[in-house]
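Just below is one structure, and these are the notes that go with it.
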Amino acid sequence: MTTKTKQNSDIFRGFMRPDSSHPKSLQEDDTVSASEVSFSLSDSSSGSSGRSSRISGMSTSSLFSLPLAHAGFQGARHLHPQRLPSAKKERTVSLRILDTDEETLMNIQVLRHSLKRLDMNSIHLTVLTSDMIANLTKLEKLDLSFNELADDSFPDNLKELESLIELKLNSNELTKVPIDLRRLKHLSRLNLGWNRLDNIKSLEKVKRLHCLVIDNNNITSVIKEIVNHKRLEILQCNANQIREIPREIRMLKNLKDIDISNNQITGLPPELFQLPKLEALNASCNQIQRIPSLNIKGRVKRRIETVDLSENLLTKFPEHLLLMVDRVDLSGNRIKTIPANVIKKMEWRTEQSLDISDNPLSSPPADVCDSGLRAIIQYFKEDHTRLKAYQGLKILVMGTQGSGKTSLVQSLVDQQPRLTDTHERTVGMECFDMQVEINEEDCDPKPVLYTFWDMSGHPFYITTHYTFLEQPFLAMLTFNMVEYNAKEFYSTFGAWLDWLIAKSNKLSLLVVGTHMDKLKPSKVVGICKEVHSNITSFLAEHRENITKEVNKIAERPQISPSMTDQMKKNRELLKLRVTFHERVIPTSSADMRGVSEVQKAIESMTESRECFPNILRTIPSLWLDVEGYAEDRGNEMQYPVMTWQKFEDEVTEKFGMKHLIVSIATYLHEIGKLMWFSSDPLLREFIFLRPSWIIDLIRAPFRHDLQESVDFSNDDYHRQTGVPQFKFDRFKRELLQEGILDREFLKCLWLSCIDIESAQEVNDAILLLMDKLELAYPIRKNGKEGQWMNPDYPETSPEKEKDKANNKDKDKDNKDKDKDNKDKDKTKSPPKPFVVHRLIVPIYRQIPEHEHFQEEWEMMEDHHRVAVMFKFPHYMPPGLFERITVRAHKPKFNLNFLRHWSNGIYARHNDKAVRLLCVMGRDTTAHVHSQNENELPIDAGSSGKGSDVRNSKASVGFESGRNAEIRLEARFEEACDEEKVAQLWQVLLPLIQDVEALLQQSLGLRVERYTQCPSCRQMAFLGEWLTPKEFQTADLKTCDFCQKSVSTKYLVQPKEKKSAQELMKLMRLAGRFGPKKKMPLRMFKTPPSVGNIKSSSDTGQGENNNIANGNVAALVPAEVT
């Protein structure tokens, strides 16, 4: 037995001795030892009143008469009973009293210099006098629980307990919080439970609380009163009269444990589940009917340990909780079914627990559910027929900023009122899932998944969002009825309709008005009818204008090939398919009026097999397996992007059925489970397994509020990259002012999207922005003017690799040489990857035109030039000009960028003495027509009159897309012969072809093409570069504006003449194959003037046909023959 244990045993035996003397009072001058001991003063076994004293040199006989105490030595784990005073001089830090006699209070004062814990619970205390706590400046814990204290039972000197950390006032008679608590600056733990409180307003200024217990009171509101308690970690407010948990709970970011059970709560905000440190939530025994939907992206990094929602009124299984909580208790609710698609997501999280007992379950059976989560998973695994599913629908929700999109979507999904604050407005895009059951005649209800894509209404995002307008989808266009103004119809509705139609020439539209609760019913009805009528007229006018253009061309006595091509495209535009719901639906997210009508309207529109042919079709179990696999792979991958080939190989290896991969990928894209842009020539080679990831990747650097939201001092994540604040601020300033995006700044922004320590992932993400999404182009770290915009692409860059692959088979004579080069390359070490350090983002580049540009450009005013224009009389797709600038920077165009301002680029060709200008603007005048029957529109051209194409400093925005123009012009740097004009076309035509390729991605776009007259400098000729045959066979054409004959060299690309040597080679090849044998097309080099433009009337096509038929003689000019 140790010395300390033996001593404690001796003291315990002393408790049994009879009390024989009256103790003295403790004196203030008594010495105190260094060791700390805890005491509890109480009555002795003989029933004497509890008194404490300490007497130096007290005899053994007098010790037995002292009151009982509990003592604990410093370093001991337990308290031990003994009499006071101790035989040793020890320091008292804890004290428990059972009465408030004068002598007891005197002893408390004696210990005031060392006392840290004072326990006065359960002594029928009605008043806390000033003598009881006087001078206790070292006191840290005070327990006054289980007494009879009322509101006026506290002394004024309570505020002098300046070191008090913990205070227990539970189980008293309080009706309000003592006002002096606000003076306790270090109070961090407070228990006010089991009183009669009806509010806690006095706690607003007690801001250091870590733990607050207010259970079993009559409190009706809690969160709003403690919203400033940033340090609060534990909140227990069960058994009160609380009806609502407001969204302000998001401010309590350190909250770990919250108990709101046994109240009258009917709904929970999503912010409660999104608290960053939440570990446990008890919301049992309430009246909760629905759990809010949560936008969970991939695997949750930090999971909640337990959520108790038992004994509520839930009817829908909150499947998203299984993705973020380890232990879920849903017992005692009204849940009937567990959706099968939830179980698929549980396969990688089988260690979770789920209690769903005491529910009227029909699927799975109750006995299966009572056996736990693993039994439920096994139940669905054993029979794939139970995983029967039907194809859902993607719904794009759009409208002007502040029109109530997010509130409407969340109210629809949660089926309860949801109002978003200003700071909660959508940035970029957010996705929400909604499971509904659609009833059809003579059929069981079919569960269908609606995926809502909530798109921000800020004009900044129309460029990045244009890529995501992939059919099929239902467009839900919202507007704020309170702010409705008929004069602003185009900005509120028309611009959005043009945006949608331009992409696919197809539209399924549902228009929803919001904020109806703020208007009179008669006003609401009038607005809805007017909006519906105006939209109907707008769509009719759109079709009528196209019809007029078709008729105008058809009525001409002579129609050129370009006119024929234009008429054909206009007839395609007349095939516009619009499904417009029969009425505009007014709603209010505040009181849920009209929300159910919106859901019914969606269901009725999805029944249209013409618009949505695949909706409600039964999905094979194999497709569901692939869906689950793709989702799991996306969740596992930090960089969830696969090439199409890798995706195809993985799915085929695991599931087989290679011939179905395209259909399965299309299905998953249509329902929003992955992204595969099969119609985009740049993006079709990639599969984005987690759509939210690509949205986040784009949103991080492309934000309308980047100035306010991206702040180094307010975000600790930025410091993890090692970038100092002064550099961070400089990078941010460069992006916002000059559109220059630094790699290190991107790493700060992408910290939550990719592994920034992986150079490969960072490179891949940057190349995705550059080469596939075409949102930026690379520049050098530094350099002189005219050089820093043009980095040296290494031989291993994606661009040069692509060019090398394209040119590989052009010349058969170079094959042996390429083979030798490959053999040499095998002996070399692998080349270093192309690393991009800085980028220019055209969307951000809003600097004005350089002051010396006009002077430099006008010096070439008299030099030969070729200029073309793309005019968009109705609407120009957003970001078209920005994508052109990105493409123009690619090595294949061989351009050296000299200037780049908000709406223009200026470059020099590297091999030819040619300057190139590309500018965007908007025609500010009506079309000027000639007196000729052709009635061609006239542009003031370089004179600057009538068009602000060159002089416009502002980028064409969302609402100013009408009458937009993009002008491309090439000029010689020095005066030269007219015969060299073909060189201008060699510089200009490749870029024109790329513009045409971009326009082909917008199926509903109306485009007019013009070429400049070299004499009057007006855009007087229709652009014939798509069908150049007629102009190529003529030497001169008459300008309808100036009536002068001009050379066709300036109007279309000249027909390329074959050299005698090349033609003789072709003749020898023809002799080898004979007149009846066809010569392979690969042996014919396509003329660069034709490129990849395809047209039945194109000269290049005719040449290809002659070659394919072995008719080489048809290509040989008479003088050579």
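Starting from 1 in every chain, residues are counted up; chains themselves are A, B, ... following the order of the structure tokens, and ligands are numbered from 1 as listed.
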Members of region 393-542 of chain A assigned alpha helix (DSSP H) by DSSP, as a PyMOL selection string: chain A and resi 405-414+462-465+489+495-504+521-542
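Considering only C-alpha atoms, the residue among A:Leu746, A:Arg231, A:Ile242, A:Arg838 positioned nearest to Asn218 (chain A) is A:Ile242.
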Pro586 (chain A) environment, 10 Å, only C-alpha atoms, sequence neighbours closer than 4 positions dropped, as a ChimeraX atom specification: /A:478-481,511-517,521,524-525,527-528,593-595,597-598
Selection: 9 Å around Leu313 (chain A), only C-alpha atoms, excl. self and same-chain fewer than 2 positions, as a ChimeraX atom specification: /A:266,286-290,310-311,315,332-335
Export N, CA, C and O atoms of the chosen residues as a short mmCIF file (atom, residue, chain, number, x, y, z; two decimals), in the first residue's frame?
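File written: result21.cif
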```
data_model
loop_
_atom_site.label_atom_id
_atom_site.label_comp_id
_atom_site.auth_asym_id
_atom_site.auth_seq_id
_atom_site.Cartn_x
_atom_site.Cartn_y
_atom_site.Cartn_z
N THR A 266 -41.23 21.85 -37.18
CA THR A 266 -41.83 21.20 -38.35
C THR A 266 -40.86 21.03 -39.51
O THR A 266 -41.13 20.25 -40.42
N ASN A 286 -40.34 15.54 -32.58
CA ASN A 286 -40.84 16.82 -33.06
C ASN A 286 -41.97 16.56 -34.05
O ASN A 286 -42.58 15.48 -34.03
N GLN A 287 -42.22 17.50 -34.92
CA GLN A 287 -43.26 17.35 -35.94
C GLN A 287 -42.68 17.56 -37.33
O GLN A 287 -43.33 18.10 -38.23
N ILE A 288 -41.45 17.12 -37.52
CA ILE A 288 -40.74 17.32 -38.78
C ILE A 288 -41.34 16.43 -39.86
O ILE A 288 -41.46 15.21 -39.68
N GLN A 289 -41.70 17.05 -40.98
CA GLN A 289 -42.33 16.32 -42.06
C GLN A 289 -41.37 16.04 -43.22
O GLN A 289 -41.54 15.05 -43.93
N ARG A 290 -40.39 16.91 -43.43
CA ARG A 290 -39.44 16.71 -44.53
C ARG A 290 -38.05 17.19 -44.10
O ARG A 290 -37.93 18.11 -43.30
N SER A 310 -35.90 10.30 -34.98
CA SER A 310 -36.97 9.37 -34.59
C SER A 310 -38.19 10.12 -34.05
O SER A 310 -38.08 11.27 -33.60
N GLU A 311 -39.33 9.46 -34.12
CA GLU A 311 -40.60 10.00 -33.60
C GLU A 311 -40.93 11.36 -34.21
O GLU A 311 -41.16 12.34 -33.51
N THR A 315 -42.36 11.28 -44.15
CA THR A 315 -42.98 10.33 -45.08
C THR A 315 -42.02 9.95 -46.21
O THR A 315 -42.20 8.92 -46.84
N GLY A 332 -39.97 5.25 -35.90
CA GLY A 332 -41.17 5.92 -35.45
C GLY A 332 -41.65 7.04 -36.34
O GLY A 332 -42.19 8.03 -35.86
N ASN A 333 -41.47 6.92 -37.67
CA ASN A 333 -41.96 7.91 -38.61
C ASN A 333 -43.05 7.29 -39.49
O ASN A 333 -43.66 6.29 -39.11
N ARG A 334 -43.26 7.86 -40.68
CA ARG A 334 -44.31 7.38 -41.57
C ARG A 334 -43.76 7.01 -42.95
O ARG A 334 -44.44 7.16 -43.97
N ILE A 335 -42.55 6.54 -42.97
CA ILE A 335 -41.88 6.19 -44.23
C ILE A 335 -42.40 4.85 -44.73
O ILE A 335 -42.46 3.88 -43.98
#
```
12 Å contact set for Phe870 (chain A), only C-alpha atoms, chain neighbours under 5 positions out, as an NGL selection string: :A and (875-876 or 880-881 or 918-923 or 939 or 949 or 963-969 or 992 or 995-996 or 999 or 1005-1012 or 1019 or 1022-1025)
Point-to-point distance in Å for CA of Val866 (chain A) and CA of Ala982 (chain A): 9.5 Å
Contacts of region 907-910 of chain A within 6 Å, only C-alpha atoms, excl. fewer than 2 positions in-chain, as JSON, numbers by chain: {"A": [894, 895, 896, 897, 898, 912, 914, 915, 916]}
Selection: 12 Å around Met770 (chain A), only C-alpha atoms, excl. self and same-chain fewer than 4 positions, as a PyMOL selection string: chain A and resi 682-683+698+741+763-766+774-779+798-799+836+838-842+882-883+885-887+889-890
N, CA and C atoms of the current selection, written as a short mmCIF file (atom, residue, chain, number, x, y, z; two decimals), in the first residue's frame:
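This is the output file selection.cif:
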```cif
data_model
loop_
_atom_site.label_atom_id
_atom_site.label_comp_id
_atom_site.auth_asym_id
_atom_site.auth_seq_id
_atom_site.Cartn_x
_atom_site.Cartn_y
_atom_site.Cartn_z
N LEU A 682 -14.59 19.17 -79.57
CA LEU A 682 -13.46 19.27 -78.67
C LEU A 682 -13.66 18.48 -77.38
N LEU A 683 -14.89 18.43 -76.89
CA LEU A 683 -15.17 17.82 -75.60
C LEU A 683 -15.65 16.38 -75.70
N ILE A 698 -14.82 25.29 -63.14
CA ILE A 698 -15.04 26.51 -63.92
C ILE A 698 -15.41 27.67 -63.01
N LEU A 741 -4.23 35.41 -65.82
CA LEU A 741 -4.44 34.42 -64.78
C LEU A 741 -3.15 33.63 -64.56
N ASN A 763 -1.71 20.63 -64.69
CA ASN A 763 -1.54 20.81 -66.13
C ASN A 763 -2.77 20.37 -66.90
N ASP A 764 -3.32 19.21 -66.52
CA ASP A 764 -4.50 18.70 -67.21
C ASP A 764 -5.68 19.66 -67.07
N ALA A 765 -5.86 20.21 -65.87
CA ALA A 765 -6.97 21.12 -65.66
C ALA A 765 -6.79 22.41 -66.46
N ILE A 766 -5.56 22.91 -66.53
CA ILE A 766 -5.31 24.13 -67.31
C ILE A 766 -5.52 23.87 -68.80
N GLU A 774 -11.96 26.28 -74.20
CA GLU A 774 -11.56 27.48 -74.95
C GLU A 774 -11.93 28.76 -74.18
N LEU A 775 -11.51 28.79 -72.92
CA LEU A 775 -11.76 29.95 -72.07
C LEU A 775 -10.52 30.79 -71.84
N ALA A 776 -9.35 30.31 -72.27
CA ALA A 776 -8.11 31.03 -72.04
C ALA A 776 -7.05 30.56 -73.01
N TYR A 777 -5.97 31.34 -73.15
CA TYR A 777 -4.83 30.90 -73.96
C TYR A 777 -3.55 31.26 -73.21
N PRO A 778 -2.47 30.51 -73.45
CA PRO A 778 -1.24 30.69 -72.67
C PRO A 778 -0.42 31.88 -73.16
N ILE A 779 0.32 32.47 -72.24
CA ILE A 779 1.25 33.56 -72.55
C ILE A 779 2.55 33.30 -71.80
N PRO A 798 0.19 19.82 -76.96
CA PRO A 798 -0.97 19.20 -77.60
C PRO A 798 -1.22 19.74 -79.00
N GLU A 799 -0.98 21.03 -79.21
CA GLU A 799 -1.24 21.62 -80.52
C GLU A 799 -0.29 21.05 -81.58
N VAL A 836 2.12 25.40 -68.53
CA VAL A 836 1.60 26.75 -68.71
C VAL A 836 1.71 27.50 -67.39
N ARG A 838 1.17 31.15 -67.25
CA ARG A 838 0.24 32.29 -67.22
C ARG A 838 -0.73 32.16 -68.38
N LEU A 839 -1.91 32.71 -68.17
CA LEU A 839 -2.96 32.65 -69.18
C LEU A 839 -3.59 34.01 -69.35
N ILE A 840 -4.18 34.22 -70.51
CA ILE A 840 -5.06 35.37 -70.69
C ILE A 840 -6.49 34.82 -70.81
N VAL A 841 -7.38 35.38 -70.01
CA VAL A 841 -8.78 34.99 -70.02
C VAL A 841 -9.56 36.11 -70.70
N PRO A 842 -10.00 35.91 -71.95
CA PRO A 842 -10.66 37.00 -72.69
C PRO A 842 -11.89 37.57 -71.99
N GLU A 882 -14.82 35.68 -77.80
CA GLU A 882 -13.77 35.24 -76.88
C GLU A 882 -13.19 33.90 -77.32
N ARG A 883 -14.03 33.00 -77.81
CA ARG A 883 -13.52 31.71 -78.29
C ARG A 883 -12.70 31.87 -79.56
N THR A 885 -10.80 34.43 -80.23
CA THR A 885 -9.48 34.93 -79.81
C THR A 885 -8.62 33.79 -79.27
N VAL A 886 -9.25 32.85 -78.55
CA VAL A 886 -8.49 31.70 -78.03
C VAL A 886 -8.02 30.83 -79.18
N ARG A 887 -8.88 30.58 -80.15
CA ARG A 887 -8.50 29.74 -81.29
C ARG A 887 -7.43 30.40 -82.15
N HIS A 889 -5.05 32.04 -81.32
CA HIS A 889 -3.74 31.97 -80.67
C HIS A 889 -3.07 30.62 -80.87
N LYS A 890 -3.78 29.66 -81.44
CA LYS A 890 -3.21 28.32 -81.58
C LYS A 890 -2.12 28.32 -82.65
#
```
Pairwise distance for CA of Ile843 (chain A) and CA of Trp676 (chain A), rounded to one decimal in Å: 24.5 Å
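Nearest residue to Leu574 (chain A) among A:Glu555, A:Glu761, A:Glu430, A:Glu549 is A:Glu549, counting only C-alpha atoms.
Comparing the minimum interatomic distances between Thr721 (chain A) and each of A:Arg418, A:Arg303, A:Lys747, A:His852, counting only C-alpha atoms, we find that A:Lys747 sits nearest.
Picture a line from CA of Glu974 (chain A) to CA of His864 (chain A); it runs 8.8 Å.
Using only C-alpha atoms, the shortest contact distance between Phe460 (chain A) and any of A:Thr400, A:Gln416, A:Ser202, A:Gln391 is found at A:Thr400.
Ranking A:Ala913, A:Met429, A:Leu125, A:Val206 by their shortest atom-to-atom distance to Pro178 (chain A), with only C-alpha atoms included, puts A:Val206 first.
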Best match for closeness to Ala700 (chain A) among A:Trp194, A:Trp750, A:Phe468, A:Phe538, counting only C-alpha atoms: A:Trp750
